[in-house]
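Chemist: Just so it is clear, I am handing over protein20.pdb, which has PDB, C-alpha atoms, pLDDT in the B column.
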ATOM      1  CA  MET A1100     132.914 -17.453  58.464  1.00 39.00           C
ATOM      2  CA  GLN A1101     134.421 -19.958  56.067  1.00 42.00           C
ATOM      3  CA  VAL A1102     133.371 -23.607  56.144  1.00 37.00           C
ATOM      4  CA  ALA A1103     136.167 -26.102  55.541  1.00 38.00           C
ATOM      5  CA  ARG A1104     135.566 -28.714  52.854  1.00 38.00           C
ATOM      6  CA  THR A1105     136.062 -32.284  53.937  1.00 37.00           C
ATOM      7  CA  ARG A1106     136.497 -35.436  51.911  1.00 40.00           C
ATOM      8  CA  GLN A1107     133.576 -37.818  51.911  1.00 44.00           C
ATOM      9  CA  GLN A1108     134.078 -40.314  54.720  1.00 41.00           C
ATOM     10  CA  THR A1109     133.118 -43.906  54.095  1.00 43.00           C
ATOM     11  CA  VAL A1110     132.458 -46.698  56.540  1.00 44.00           C
ATOM     12  CA  THR A1111     133.151 -50.177  55.178  1.00 45.00           C
ATOM     13  CA  ARG A1112     130.115 -52.442  55.411  1.00 52.00           C
ATOM     14  CA  ALA A1113     128.597 -55.175  53.260  1.00 60.00           C
ATOM     15  CA  GLY A1114     126.012 -52.734  51.842  1.00 66.00           C
ATOM     16  CA  ASN A1115     128.611 -50.791  49.917  1.00 74.00           C
ATOM     17  CA  THR A1116     128.899 -53.610  47.349  1.00 88.00           C
ATOM     18  CA  LEU A1117     125.403 -52.779  46.059  1.00 93.00           C
ATOM     19  CA  ARG A1118     125.005 -50.827  42.819  1.00 94.00           C
ATOM     20  CA  ARG A1119     122.070 -49.099  41.156  1.00 95.00           C
ATOM     21  CA  GLU A1120     121.764 -51.935  38.639  1.00 93.00           C
ATOM     22  CA  ASP A1121     120.985 -54.338  41.507  1.00 92.00           C
ATOM     23  CA  PHE A1122     117.536 -52.729  41.830  1.00 94.00           C
ATOM     24  CA  ALA A1123     114.542 -53.065  39.501  1.00 92.00           C
ATOM     25  CA  VAL A1124     113.205 -49.764  40.864  1.00 96.00           C
ATOM     26  CA  LEU A1125     115.148 -46.533  41.366  1.00 97.00           C
ATOM     27  CA  ARG A1126     113.246 -43.468  42.566  1.00 98.00           C
ATOM     28  CA  PRO A1127     115.113 -40.158  42.151  1.00 98.00           C
ATOM     29  CA  LEU A1128     114.492 -37.647  44.938  1.00 98.00           C
ATOM     30  CA  GLN A1129     116.085 -34.215  45.299  1.00 97.00           C
ATOM     31  CA  THR A1130     117.590 -33.206  48.624  1.00 96.00           C
ATOM     32  CA  ARG A1131     116.431 -29.840  49.943  1.00 95.00           C
ATOM     33  CA  TRP A1132     118.209 -26.956  51.634  1.00 95.00           C
ATOM     34  CA  ALA A1133     116.136 -27.702  54.752  1.00 96.00           C
ATOM     35  CA  ASP A1134     117.589 -31.245  54.858  1.00 96.00           C
ATOM     36  CA  ILE A1135     121.070 -30.172  55.949  1.00 93.00           C
ATOM     37  CA  ASP A1136     122.031 -29.829  59.572  1.00 92.00           C
ATOM     38  CA  THR A1137     124.625 -27.818  61.451  1.00 92.00           C
ATOM     39  CA  TYR A1138     127.337 -30.206  60.221  1.00 90.00           C
ATOM     40  CA  SER A1139     126.548 -29.325  56.575  1.00 90.00           C
ATOM     41  CA  HIS A1140     125.364 -32.806  55.648  1.00 91.00           C
ATOM     42  CA  VAL A1141     121.889 -34.248  55.249  1.00 95.00           C
ATOM     43  CA  ASN A1142     120.488 -34.997  58.703  1.00 95.00           C
ATOM     44  CA  ASN A1143     120.109 -38.680  59.603  1.00 93.00           C
ATOM     45  CA  ALA A1144     116.319 -38.436  59.975  1.00 95.00           C
ATOM     46  CA  VAL A1145     116.008 -37.303  56.346  1.00 97.00           C
ATOM     47  CA  HIS A1146     117.301 -40.688  55.170  1.00 97.00           C
ATOM     48  CA  TYR A1147     114.145 -42.237  56.633  1.00 96.00           C
ATOM     49  CA  GLU A1148     111.968 -39.619  54.928  1.00 96.00           C
ATOM     50  CA  LEU A1149     113.611 -40.434  51.596  1.00 97.00           C
ATOM     51  CA  MET A1150     112.894 -44.152  52.087  1.00 97.00           C
ATOM     52  CA  ASP A1151     109.270 -43.542  53.084  1.00 97.00           C
ATOM     53  CA  THR A1152     108.659 -41.160  50.168  1.00 97.00           C
ATOM     54  CA  ALA A1153     110.291 -43.519  47.670  1.00 98.00           C
ATOM     55  CA  VAL A1154     108.349 -46.633  48.746  1.00 98.00           C
ATOM     56  CA  ASN A1155     104.946 -44.969  48.967  1.00 97.00           C
ATOM     57  CA  GLY A1156     105.466 -42.925  45.791  1.00 97.00           C
ATOM     58  CA  TRP A1157     106.409 -46.098  43.942  1.00 98.00           C
ATOM     59  CA  LEU A1158     103.360 -47.938  45.329  1.00 98.00           C
ATOM     60  CA  VAL A1159     101.026 -45.188  44.080  1.00 98.00           C
ATOM     61  CA  GLU A1160     102.679 -45.207  40.657  1.00 97.00           C
ATOM     62  CA  ALA A1161     102.975 -49.002  40.336  1.00 97.00           C
ATOM     63  CA  THR A1162      99.401 -49.704  41.435  1.00 97.00           C
ATOM     64  CA  GLY A1163      97.810 -46.758  39.651  1.00 97.00           C
ATOM     65  CA  THR A1164      95.649 -46.148  42.710  1.00 96.00           C
ATOM     66  CA  ASP A1165      95.494 -43.965  45.780  1.00 96.00           C
ATOM     67  CA  ILE A1166      96.867 -46.458  48.300  1.00 96.00           C
ATOM     68  CA  ARG A1167      95.301 -44.465  51.148  1.00 94.00           C
ATOM     69  CA  ARG A1168      91.866 -45.518  49.858  1.00 95.00           C
ATOM     70  CA  LEU A1169      92.426 -49.290  49.882  1.00 96.00           C
ATOM     71  CA  ASP A1170      90.467 -51.489  52.307  1.00 95.00           C
ATOM     72  CA  ALA A1171      93.776 -52.374  53.980  1.00 97.00           C
ATOM     73  CA  VAL A1172      96.478 -49.753  54.456  1.00 97.00           C
ATOM     74  CA  GLY A1173     100.182 -50.185  55.158  1.00 97.00           C
ATOM     75  CA  TRP A1174     101.485 -48.985  58.489  1.00 97.00           C
ATOM     76  CA  VAL A1175     105.218 -48.606  58.967  1.00 96.00           C
ATOM     77  CA  VAL A1176     106.179 -50.824  61.899  1.00 97.00           C
ATOM     78  CA  GLU A1177     109.936 -51.074  61.462  1.00 96.00           C
ATOM     79  CA  THR A1178     112.738 -49.094  59.866  1.00 96.00           C
ATOM     80  CA  SER A1179     116.496 -49.298  60.018  1.00 97.00           C
ATOM     81  CA  CYS A1180     119.351 -47.530  58.316  1.00 97.00           C
ATOM     82  CA  GLN A1181     123.091 -48.105  58.078  1.00 96.00           C
ATOM     83  CA  TYR A1182     124.931 -44.936  57.151  1.00 95.00           C
ATOM     84  CA  LEU A1183     127.869 -45.631  54.860  1.00 96.00           C
ATOM     85  CA  ALA A1184     128.840 -42.128  53.747  1.00 95.00           C
ATOM     86  CA  GLN A1185     127.707 -38.549  54.109  1.00 94.00           C
ATOM     87  CA  LEU A1186     124.935 -37.185  51.920  1.00 94.00           C
ATOM     88  CA  ARG A1187     125.050 -33.502  51.060  1.00 92.00           C
ATOM     89  CA  PHE A1188     122.876 -30.811  49.505  1.00 93.00           C
ATOM     90  CA  PRO A1189     122.321 -30.424  46.590  1.00 94.00           C
ATOM     91  CA  THR A1190     122.134 -34.048  45.474  1.00 95.00           C
ATOM     92  CA  VAL A1191     119.609 -36.102  43.572  1.00 97.00           C
ATOM     93  CA  VAL A1192     119.304 -39.315  45.585  1.00 97.00           C
ATOM     94  CA  ASP A1193     118.414 -42.502  43.728  1.00 98.00           C
ATOM     95  CA  VAL A1194     116.514 -44.750  46.127  1.00 98.00           C
ATOM     96  CA  GLY A1195     116.837 -48.402  45.132  1.00 97.00           C
ATOM     97  CA  ILE A1196     113.826 -50.503  46.156  1.00 97.00           C
ATOM     98  CA  ALA A1197     113.907 -54.299  46.445  1.00 96.00           C
ATOM     99  CA  LEU A1198     111.593 -56.858  47.988  1.00 96.00           C
ATOM    100  CA  GLY A1199     113.073 -58.258  51.174  1.00 95.00           C
ATOM    101  CA  ARG A1200     110.150 -60.446  52.224  1.00 96.00           C
ATOM    102  CA  LEU A1201     106.468 -60.751  51.446  1.00 97.00           C
ATOM    103  CA  GLY A1202     104.200 -62.306  54.051  1.00 97.00           C
ATOM    104  CA  ARG A1203     100.440 -62.637  54.378  1.00 98.00           C
ATOM    105  CA  THR A1204      99.997 -59.250  56.110  1.00 98.00           C
ATOM    106  CA  SER A1205     103.409 -57.610  55.791  1.00 98.00           C
ATOM    107  CA  VAL A1206     106.051 -56.491  53.325  1.00 98.00           C
ATOM    108  CA  ALA A1207     109.734 -55.885  54.104  1.00 97.00           C
ATOM    109  CA  TYR A1208     111.594 -53.663  51.652  1.00 97.00           C
ATOM    110  CA  ARG A1209     115.370 -53.443  51.247  1.00 95.00           C
ATOM    111  CA  LEU A1210     116.508 -49.984  50.241  1.00 97.00           C
ATOM    112  CA  SER A1211     119.699 -48.271  49.185  1.00 97.00           C
ATOM    113  CA  LEU A1212     120.298 -44.546  48.876  1.00 98.00           C
ATOM    114  CA  PHE A1213     122.711 -43.540  46.132  1.00 97.00           C
ATOM    115  CA  GLY A1214     124.212 -40.063  45.833  1.00 96.00           C
ATOM    116  CA  ASP A1215     126.794 -39.032  43.258  1.00 94.00           C
ATOM    117  CA  ASP A1216     128.955 -42.141  43.654  1.00 94.00           C
ATOM    118  CA  PRO A1217     128.220 -45.672  42.392  1.00 94.00           C
ATOM    119  CA  THR A1218     128.210 -47.051  45.951  1.00 95.00           C
ATOM    120  CA  PRO A1219     125.342 -46.340  48.357  1.00 97.00           C
ATOM    121  CA  VAL A1220     125.504 -43.693  51.048  1.00 96.00           C
ATOM    122  CA  ALA A1221     123.042 -45.709  53.137  1.00 97.00           C
ATOM    123  CA  VAL A1222     121.198 -49.031  53.139  1.00 97.00           C
ATOM    124  CA  GLY A1223     117.965 -49.645  54.978  1.00 96.00           C
ATOM    125  CA  ARG A1224     114.963 -51.768  55.775  1.00 96.00           C
ATOM    126  CA  PHE A1225     111.355 -50.624  55.774  1.00 95.00           C
ATOM    127  CA  VAL A1226     108.403 -52.808  56.864  1.00 98.00           C
ATOM    128  CA  HIS A1227     104.715 -52.263  56.165  1.00 97.00           C
ATOM    129  CA  VAL A1228     102.074 -54.242  58.056  1.00 98.00           C
ATOM    130  CA  TYR A1229      98.680 -53.998  56.415  1.00 98.00           C
ATOM    131  CA  VAL A1230      95.687 -53.311  58.640  1.00 98.00           C
ATOM    132  CA  ASP A1231      92.011 -53.012  57.841  1.00 96.00           C
ATOM    133  CA  ARG A1232      90.857 -49.441  57.613  1.00 91.00           C
ATOM    134  CA  ASP A1233      88.115 -49.676  60.255  1.00 90.00           C
ATOM    135  CA  GLY A1234      89.380 -51.985  63.008  1.00 93.00           C
ATOM    136  CA  HIS A1235      93.126 -51.481  62.514  1.00 95.00           C
ATOM    137  CA  ARG A1236      93.665 -55.235  62.775  1.00 97.00           C
ATOM    138  CA  PRO A1237      96.231 -57.036  60.577  1.00 97.00           C
ATOM    139  CA  ALA A1238      94.804 -57.738  57.124  1.00 98.00           C
ATOM    140  CA  PRO A1239      96.109 -59.478  53.997  1.00 98.00           C
ATOM    141  CA  VAL A1240      98.321 -57.443  51.699  1.00 98.00           C
ATOM    142  CA  PRO A1241      95.898 -56.145  49.034  1.00 98.00           C
ATOM    143  CA  GLY A1242      95.998 -57.857  45.635  1.00 97.00           C
ATOM    144  CA  VAL A1243      96.893 -54.646  43.812  1.00 97.00           C
ATOM    145  CA  ILE A1244      99.922 -54.245  46.124  1.00 98.00           C
ATOM    146  CA  ARG A1245     100.947 -57.902  45.636  1.00 97.00           C
ATOM    147  CA  ALA A1246     100.790 -57.432  41.854  1.00 97.00           C
ATOM    148  CA  ALA A1247     103.103 -54.398  42.067  1.00 97.00           C
ATOM    149  CA  LEU A1248     105.496 -56.235  44.397  1.00 97.00           C
ATOM    150  CA  ALA A1249     105.827 -59.029  41.827  1.00 95.00           C
ATOM    151  CA  THR A1250     107.759 -56.568  39.645  1.00 93.00           C
ATOM    152  CA  LEU A1251     110.475 -56.045  42.276  1.00 92.00           C
ATOM    153  CA  ARG A1252     113.636 -58.089  42.276  1.00 73.00           C
ATOM    154  CA  ALA A1253     114.427 -60.183  45.304  1.00 73.00           C
ATOM    155  CA  ASP A1254     116.611 -58.674  47.966  1.00 67.00           C
ATOM    156  CA  PRO A1255     119.978 -57.861  46.323  1.00 68.00           C
ATOM    157  CA  THR A1256     121.811 -58.392  49.616  1.00 64.00           C
ATOM    158  CA  GLU A1257     120.913 -62.070  49.364  1.00 57.00           C
ATOM    159  CA  ASP A1258     123.085 -62.446  46.263  1.00 46.00           C
ATOM    160  CA  ASP A1259     126.286 -64.435  46.625  1.00 39.00           C
ATOM    161  CA  ARG A1260     128.934 -61.758  46.065  1.00 36.00           C
ATOM    162  CA  ALA A1261     132.201 -63.629  46.349  1.00 30.00           C
TER     163      ALA A1261
END
Before anything else, please render the file you have as structure tokens.

Modeler:
Amino acid sequence: MQVARTRQQTVTRAGNTLRREDFAVLRPLQTRWADIDTYSHVNNAVHYELMDTAVNGWLVEATGTDIRRLDAVGWVVETSCQYLAQLRFPTVVDVGIALGRLGRTSVAYRLSLFGDDPTPVAVGRFVHVYVDRDGHRPAPVPGVIRAALATLRADPTEDDRA
């Protein structure tokens, strides 16, 4: 059985104006053979895994601590993803991380997934709400997390791109 090659299809959306240089943090992650589906592209659910892995990996690296051991831990309470183009195996995906919003108990991240092209294949949102370890009640974002977040650029989608 021979699989036909198709050109990369792109959907036009505002997110495709973003570039890697718009992000202070880029986390490279390799796609895996297991990530592709019957349509020979990376399955939609994997995009969320890439975002989750990138954010939490960056937090561990940027804080220099095991974030699972903090008094308050981040629970994912919201995610979204706009798919702009197909992602295929094998590809190293650069996940751009930006700070969307920082509140007293929550953090919203803006993310872009970049494949081989300069424009993103997907843009997303990822929200952590911090809860205390014992009672699972909302708790302030830990100081070590706030310090790491200070190194992120503001949300690049807020830029005026005339």

Chemist: I want to know what sits within 8 Å of Pro1217 in chain A, based on only C-alpha atoms, with residues of the same chain fewer than 2 positions away left out; could you give that as number ranges by chain?

Modeler: A: 1118-1119, 1213-1215, 1219

Chemist: Please expand the PyMOL selection byres ((chain A and resi 1154-1159) around 9) into the concrete residues it hits in this file, giving the result as a PyMOL selection string.

Modeler: chain A and resi 1124+1126+1149-1153+1160-1166+1194+1196+1208+1210+1225+1244+1247-1248

Chemist: Could you state which residues are captured by the PyMOL selection byres ((chain A and resi 1220) around 9) in this file, as a ChimeraX atom specification?

Modeler: /A:1109,1115,1181-1186,1211-1214,1216,1218-1219,1221-1222

Chemist: Determine the residue membership of the PyMOL selection byres ((chain A and resi 1206) around 9) for the file above and supply it as a ChimeraX atom specification.

Modeler: /A:1173,1198-1205,1207-1208,1225-1229,1240,1248

Chemist: May I have the residues from that selection written out with C-alpha atoms, as a PDB file, in the coordinates of the input?

Modeler:
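What follows is the written file selection25.pdb:
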ATOM      1  CA  GLY A1173     100.182 -50.185  55.158  1.00 97.00           C
ATOM      2  CA  LEU A1198     111.593 -56.858  47.988  1.00 96.00           C
ATOM      3  CA  GLY A1199     113.073 -58.258  51.174  1.00 95.00           C
ATOM      4  CA  ARG A1200     110.150 -60.446  52.224  1.00 96.00           C
ATOM      5  CA  LEU A1201     106.468 -60.751  51.446  1.00 97.00           C
ATOM      6  CA  GLY A1202     104.200 -62.306  54.051  1.00 97.00           C
ATOM      7  CA  ARG A1203     100.440 -62.637  54.378  1.00 98.00           C
ATOM      8  CA  THR A1204      99.997 -59.250  56.110  1.00 98.00           C
ATOM      9  CA  SER A1205     103.409 -57.610  55.791  1.00 98.00           C
ATOM     10  CA  ALA A1207     109.734 -55.885  54.104  1.00 97.00           C
ATOM     11  CA  TYR A1208     111.594 -53.663  51.652  1.00 97.00           C
ATOM     12  CA  PHE A1225     111.355 -50.624  55.774  1.00 95.00           C
ATOM     13  CA  VAL A1226     108.403 -52.808  56.864  1.00 98.00           C
ATOM     14  CA  HIS A1227     104.715 -52.263  56.165  1.00 97.00           C
ATOM     15  CA  VAL A1228     102.074 -54.242  58.056  1.00 98.00           C
ATOM     16  CA  TYR A1229      98.680 -53.998  56.415  1.00 98.00           C
ATOM     17  CA  VAL A1240      98.321 -57.443  51.699  1.00 98.00           C
ATOM     18  CA  LEU A1248     105.496 -56.235  44.397  1.00 97.00           C
TER      19      LEU A1248
END

Chemist: Residues within 9 Å of range 1140-1142 of chain A, please, as a short mmCIF file (atom, residue, chain, number, x, y, z; two decimals) with C-alpha atoms, keeping the file's coordinate frame. Count all atoms listed in the file; anything in the same chain fewer than 4 positions from it doesn't count.

Modeler:
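Result file out-v2.cif:
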data_model
loop_
_atom_site.label_atom_id
_atom_site.label_comp_id
_atom_site.auth_asym_id
_atom_site.auth_seq_id
_atom_site.Cartn_x
_atom_site.Cartn_y
_atom_site.Cartn_z
CA THR A 1130 117.59 -33.21 48.62
CA ARG A 1131 116.43 -29.84 49.94
CA TRP A 1132 118.21 -26.96 51.63
CA ALA A 1133 116.14 -27.70 54.75
CA ASP A 1134 117.59 -31.24 54.86
CA ILE A 1135 121.07 -30.17 55.95
CA ASP A 1136 122.03 -29.83 59.57
CA HIS A 1146 117.30 -40.69 55.17
CA GLN A 1185 127.71 -38.55 54.11
CA LEU A 1186 124.94 -37.18 51.92
CA ARG A 1187 125.05 -33.50 51.06
CA PHE A 1188 122.88 -30.81 49.50
#

Chemist: For Ala1123 in chain A, list every protein, DNA or RNA residue within 9 Å, evaluated using only C-alpha atoms, and leave out those in the same chain fewer than 2 positions away; present the list as a PDB file with C-alpha atoms, in the frame of the given file.

Modeler:
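Generated file (result35.pdb):
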ATOM      1  CA  ARG A1119     122.070 -49.099  41.156  1.00 95.00           C
ATOM      2  CA  GLU A1120     121.764 -51.935  38.639  1.00 93.00           C
ATOM      3  CA  ASP A1121     120.985 -54.338  41.507  1.00 92.00           C
ATOM      4  CA  LEU A1125     115.148 -46.533  41.366  1.00 97.00           C
ATOM      5  CA  GLY A1195     116.837 -48.402  45.132  1.00 97.00           C
ATOM      6  CA  ILE A1196     113.826 -50.503  46.156  1.00 97.00           C
ATOM      7  CA  ALA A1197     113.907 -54.299  46.445  1.00 96.00           C
ATOM      8  CA  THR A1250     107.759 -56.568  39.645  1.00 93.00           C
ATOM      9  CA  LEU A1251     110.475 -56.045  42.276  1.00 92.00           C
ATOM     10  CA  ARG A1252     113.636 -58.089  42.276  1.00 73.00           C
TER      11      ARG A1252
END

Chemist: Report, in Å with one decimal, the straight-line distance from CA of Arg1167 in chain A to CA of Glu1148 in chain A.

Modeler: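 Interatomic distance, CA of Arg1167 in chain A to CA of Glu1148 in chain A: 17.8 Å.
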
Chemist: Would you mind reading off the distance between CA of Val1175 in chain A and CA of Leu1117 in chain A, one decimal, in Å?

Modeler: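 Separating CA of Val1175 in chain A from CA of Leu1117 in chain A is a distance of 24.3 Å.
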
Chemist: Which of these, A:Ala1171, A:Cys1180, A:Gly1223, A:Phe1122, has the shortest distance to Ala1253 in chain A once you count only C-alpha atoms?

Modeler: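 Once distances to Ala1253 in chain A are computed over only C-alpha atoms, the minimum belongs to A:Phe1122.
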
Chemist: Once 3 Å is added on each side, what centre and edge lengths in Å to one decimal does the axis-aligned box around all listed atoms of range 1132-1150 of chain A have, as AutoDock Vina command-line options?

Modeler:
--center_x 119.7 --center_y -35.6 --center_z 56.5 --size_x 21.4 --size_y 23.2 --size_z 15.9

Chemist: May I have the protein, DNA and RNA residues with an atom at most 9 Å from (91.7, -46.9, 54.5), counting only C-alpha atoms in the file's coordinates, returned as number ranges by chain?

Modeler: A: 1166-1172, 1230-1233

Chemist: With distances taken over only C-alpha atoms, which residue among A:Pro1237, A:Tyr1138, A:Ala1249, A:Tyr1147 lies nearest Ser1179 in chain A?

Modeler: A:Tyr1147

Chemist: Please, what distance in Å, to one decimal, runs between CA of Arg1224 in chain A and CA of Pro1189 in chain A?

Modeler: 24.4 Å
